[in-house]
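Encoded as structure tokens, the structure appears first; notes follow it.
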Protein chains: 2
Amino acid sequence: MTRPTDARAGRRHELLKALSELRCDAALVAHLPNVRYLTGFTGSNGILFLSPGSAILFTDPRYDLQAHEECDCRVRIVRGSTWEGVWKHVAGRCRRLAMEADRVSHEVWQETARRLGRKAKLAASRGLVEKLRRVKSTEEADAIRASARLCAEAFLETARQLRPEMSERDAAAELDYRMRRLGAEGPAFETIVAAGARAALPHARPGDAKLGRGPVLIDMGANVSGWMSDMTRMVHLGPPSRGFLRLFRAVRRAQEAALAEVRAGVPARKVDAAARRVLKAEGLAGYFTHSTGHGVGLEIHEAPRLGAKSDDVLEAGMVVTVEPGVYLAGTAGVRIEDTVLVTESGAEILTPVGKDLLVLPS
Amino acid sequence: MTRPTDARAGRRHELLKALSELRCDAALVAHLPNVRYLTGFTGSNGILFLSPGSAILFTDPRYDLQAHEECDCRVRIVRGSTWEGVWKHVAGRCRRLAMEADRVSHEVWQETARRLGRKAKLAASRGLVEKLRRVKSTEEADAIRASARLCAEAFLETARQLRPEMSERDAAAELDYRMRRLGAEGPAFETIVAAGARAALPHARPGDAKLGRGPVLIDMGANVSGWMSDMTRMVHLGPPSRGFLRLFRAVRRAQEAALAEVRAGVPARKVDAAARRVLKAEGLAGYFTHSTGHGVGLEIHEAPRLGAKSDDVLEAGMVVTVEPGVYLAGTAGVRIEDTVLVTESGAEILTPVGKDLLVLPS
């Protein structure tokens, strides 16, 4: 069995343990964030074969130098179809091969089963690597902390420059540009800048509409060396109305209530329930149309889930978002979101930006 | 059967024809670019159910307003798992349901088959929508032309400002920022800025390395309203060496030779062969490690493929890249790439930027 010599080898070692519990003697990992986690490879095409005796990354000639530079395992460059190279390798080499049934296409699954031959079995695995990824090591939490700090810095440098005549699109471009200049690979997801009634679209794409006077919802995150962060803040151009302030304060209280629940050992749904309880008291529960949060790491959405039906239990080292929101169609939307690290005693907020409504001149 | 009232309805009509040829009475489409093509929906979670009698987009509450705004078909908002809503809908409703075997996970496939029940059959379809997408309508070609023009404009505005002390990362950030400010949703893919020997990594990720003196490879594309473009140009900071110029001229001649082959009716592999022939004569064939091009549209890589083993035949209305390159590990890399529209008589170059080596002061 490979000796864990560094973080990635240690992760592969953990995966091999999980595989032996499933009585599998090898695994194929094709979901790219999982491949990156286990090998360091950052390219857009890579499949990892892992067995107690070997770890081989299969990729194509475009990534020849890069894969050798990035990976701490063997690299096999395949001309033509990468899967073809993988199939040739696994045929006759394993008896029970685990594959990510939720990540690999039905077509690839069928062909892998065929090429394995009758003597070998393909076993549907799900979430094995994702489960390892849920709890972050100190180094991983540091990487996300750096990502969140960069996101916060870009927000603070940019938000005060927002003006009513600026379009949502241009504001988003400025935020992304700041993140890049501060050292991010890019945004963690398509940055949301939604002004006025458009903030009632929880995943609005920035458009040509001017920000105008009124509220602006900014939901942004950074991708720093593959590690994501996620934060939402509300800005207001010109003085806010009483109605808006009522909405804002309700969401803010809901977010604080949810944050107060976060701690190792707490069922994730209790965090969701805390936010919902505050909004219900304000008659706003029906306008909170998504769950309270999600895990963040090498992907912007990963385990655990912080929703009403979640069975997840928070553990120290998990990194999650806490992001209640209310959306009044045609009128306004408010969301406030932090990325936080779950600790034994509570939540460390990784997105260090004040949550008072930022009111700017209009 | 739905009457084609506009482009999207017309596309769904074409898909229904293809389905009836497969003796299917309905289809589920889950690959997001296909969903966007058929409905207009731009969100990150949407599944289309299509039958002669109905077209329904399933999505989650986050996209309630947006989906109704964007789609010309029925919209069904599902709380909880979107697939759960789809499964409830299809159960008992179809006899032979087509699903994208190459796009849908094995897990979803298995569960869909189970929920359909014994009386109904799930049929593996592959590339039905992608096939429709290969040949672009006049409007679609116009959309890609606009995307390519914006990409070219951003390149021209930015390239002359490159300086040796700038990092690859910052140069990429400038290019992306220009594209955004000119109206792009974002880059079509992670912009490549690779200086010196790093240009020998065909898919180099921009790093902290300074550009320094020497060649810089810039591979960039825009995403304008979902339509992609793709272009590679070489810039040189300071006077180029003879060795580099020889390499550059060889690739340029290879690209021109490949472009000269592009025309409706020509097998795609002939375009690839033309580029390879030129490089072979220069003793560089072994350093051209990828295929000559690929289709471009709602995805940056789509059908057809322009490689040595491709069975595709070019048709008028296809939009493809022509991008030979040579990569000398540890030394240098050169690639030149245009996005072109295939016509009856040749290739219309959509990326209107001169291909002379752009030499800048160092």
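Ligands are numbered from 1 in the order shown, chains are lettered A, B, ... in the order of the structure tokens, and residues start at 1 in each chain.
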Who sits within 7 Å of Val75 (chain A), only C-alpha atoms, same chain under 5 positions skipped, as a VMD selection string: chain A and resid 56 to 58 67 to 68
When you look at Ala204 (chain A) with a cut-off of 9 Å (counting only C-alpha atoms), what residues show up, excluding the ones that are within fewer than 3 positions of it in the same chain? I need them as a ChimeraX atom specification. /A:192-194,198-201,207 /B:43,63,66
Please determine the contact residues of chain B with respect to chain A at a cut-off of 7 Å, counting only C-alpha atoms, and supply them as a tab-separated table (two decimals) with N, CA and C atoms, in the first residue's frame.
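Saved to selection36.tsv:
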```tsv
chain	number	residue	atom	x	y	z
B	61	PRO	N	-36.73	26.27	-6.97
B	61	PRO	CA	-37.31	27.58	-6.65
B	61	PRO	C	-36.38	28.78	-6.85
B	62	ARG	N	-35.06	28.55	-6.78
B	62	ARG	CA	-34.13	29.66	-7.01
B	62	ARG	C	-34.37	30.30	-8.38
B	63	TYR	N	-34.82	29.49	-9.33
B	63	TYR	CA	-34.94	29.96	-10.71
B	63	TYR	C	-36.38	30.23	-11.12
B	65	LEU	N	-38.58	32.86	-11.03
B	65	LEU	CA	-38.84	34.02	-11.90
B	65	LEU	C	-38.02	33.93	-13.19
B	66	GLN	N	-36.74	33.60	-13.03
B	66	GLN	CA	-35.84	33.57	-14.18
B	66	GLN	C	-36.31	32.59	-15.26
B	101	ALA	N	-27.44	9.10	-22.73
B	101	ALA	CA	-26.63	8.12	-21.99
B	101	ALA	C	-25.22	8.62	-21.73
B	102	ASP	N	-24.76	9.54	-22.55
B	102	ASP	CA	-23.39	10.05	-22.40
B	102	ASP	C	-23.33	11.27	-21.48
B	103	ARG	N	-24.48	11.74	-21.02
B	103	ARG	CA	-24.50	12.97	-20.22
B	103	ARG	C	-25.03	12.74	-18.82
B	104	VAL	N	-25.89	11.75	-18.70
B	104	VAL	CA	-26.58	11.52	-17.42
B	104	VAL	C	-25.78	10.50	-16.62
B	105	SER	N	-25.70	10.67	-15.32
B	105	SER	CA	-24.91	9.74	-14.51
B	105	SER	C	-25.57	8.36	-14.51
B	106	HIS	N	-24.73	7.37	-14.24
B	106	HIS	CA	-25.25	6.00	-14.16
B	106	HIS	C	-26.34	5.91	-13.10
B	107	GLU	N	-26.14	6.61	-11.99
B	107	GLU	CA	-27.09	6.57	-10.89
B	107	GLU	C	-28.46	7.11	-11.31
B	109	TRP	N	-29.56	7.36	-14.32
B	109	TRP	CA	-30.09	6.44	-15.34
B	109	TRP	C	-30.82	5.27	-14.68
B	170	ASP	N	-1.87	38.45	-14.29
B	170	ASP	CA	-2.40	39.80	-14.45
B	170	ASP	C	-2.78	40.08	-15.90
B	173	ALA	N	-6.04	38.49	-16.42
B	173	ALA	CA	-7.09	39.27	-15.74
B	173	ALA	C	-7.48	40.48	-16.58
B	177	TYR	N	-11.14	41.09	-18.14
B	177	TYR	CA	-11.83	42.32	-17.75
B	177	TYR	C	-12.31	43.07	-18.99
B	180	ARG	N	-15.35	41.40	-20.40
B	180	ARG	CA	-16.53	41.68	-19.60
B	180	ARG	C	-17.04	43.09	-19.86
B	181	ARG	N	-16.11	44.06	-19.88
B	181	ARG	CA	-16.53	45.44	-20.08
B	181	ARG	C	-17.13	45.65	-21.46
B	201	LEU	N	3.27	24.22	-22.76
B	201	LEU	CA	2.16	23.53	-22.11
B	201	LEU	C	0.89	23.96	-22.83
B	202	PRO	N	0.30	23.10	-23.68
B	202	PRO	CA	-0.81	23.58	-24.51
B	202	PRO	C	-1.98	24.17	-23.72
B	203	HIS	N	-2.18	23.70	-22.47
B	203	HIS	CA	-3.28	24.26	-21.68
B	203	HIS	C	-2.77	24.87	-20.38
B	289	THR	N	0.84	17.91	-30.89
B	289	THR	CA	0.34	16.80	-30.07
B	289	THR	C	-1.16	16.82	-29.85
B	290	HIS	N	-1.88	17.66	-30.55
B	290	HIS	CA	-3.34	17.62	-30.41
B	290	HIS	C	-3.96	17.69	-31.79
```
Which residue out of B:Ala195, B:Cys73, B:Ala260, B:Leu15 has the minimum interatomic distance to Leu28 (chain B) when only C-alpha atoms are used?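 So, comparing all the options, the nearest one is B:Leu15.
The interatomic distance for the pair CA of Glu153 (chain B) and CA of Arg233 (chain B) works out to 13.0 Å.
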Residues within 7 Å of region 137-145 of chain A, only C-alpha atoms, excluding chain neighbours under 4 positions, as a list in words: Arg149, Trp227, Met228, Ser229, Gly297, Gly317 and Leu350 of chain A
List every residue of region 303-340 of chain B that DSSP, applied to the backbone of this structure, places in strand (DSSP E or B), and write the result as a ChimeraX atom specification. /B:303-306,313,318-322,325-328,332-335,337-340
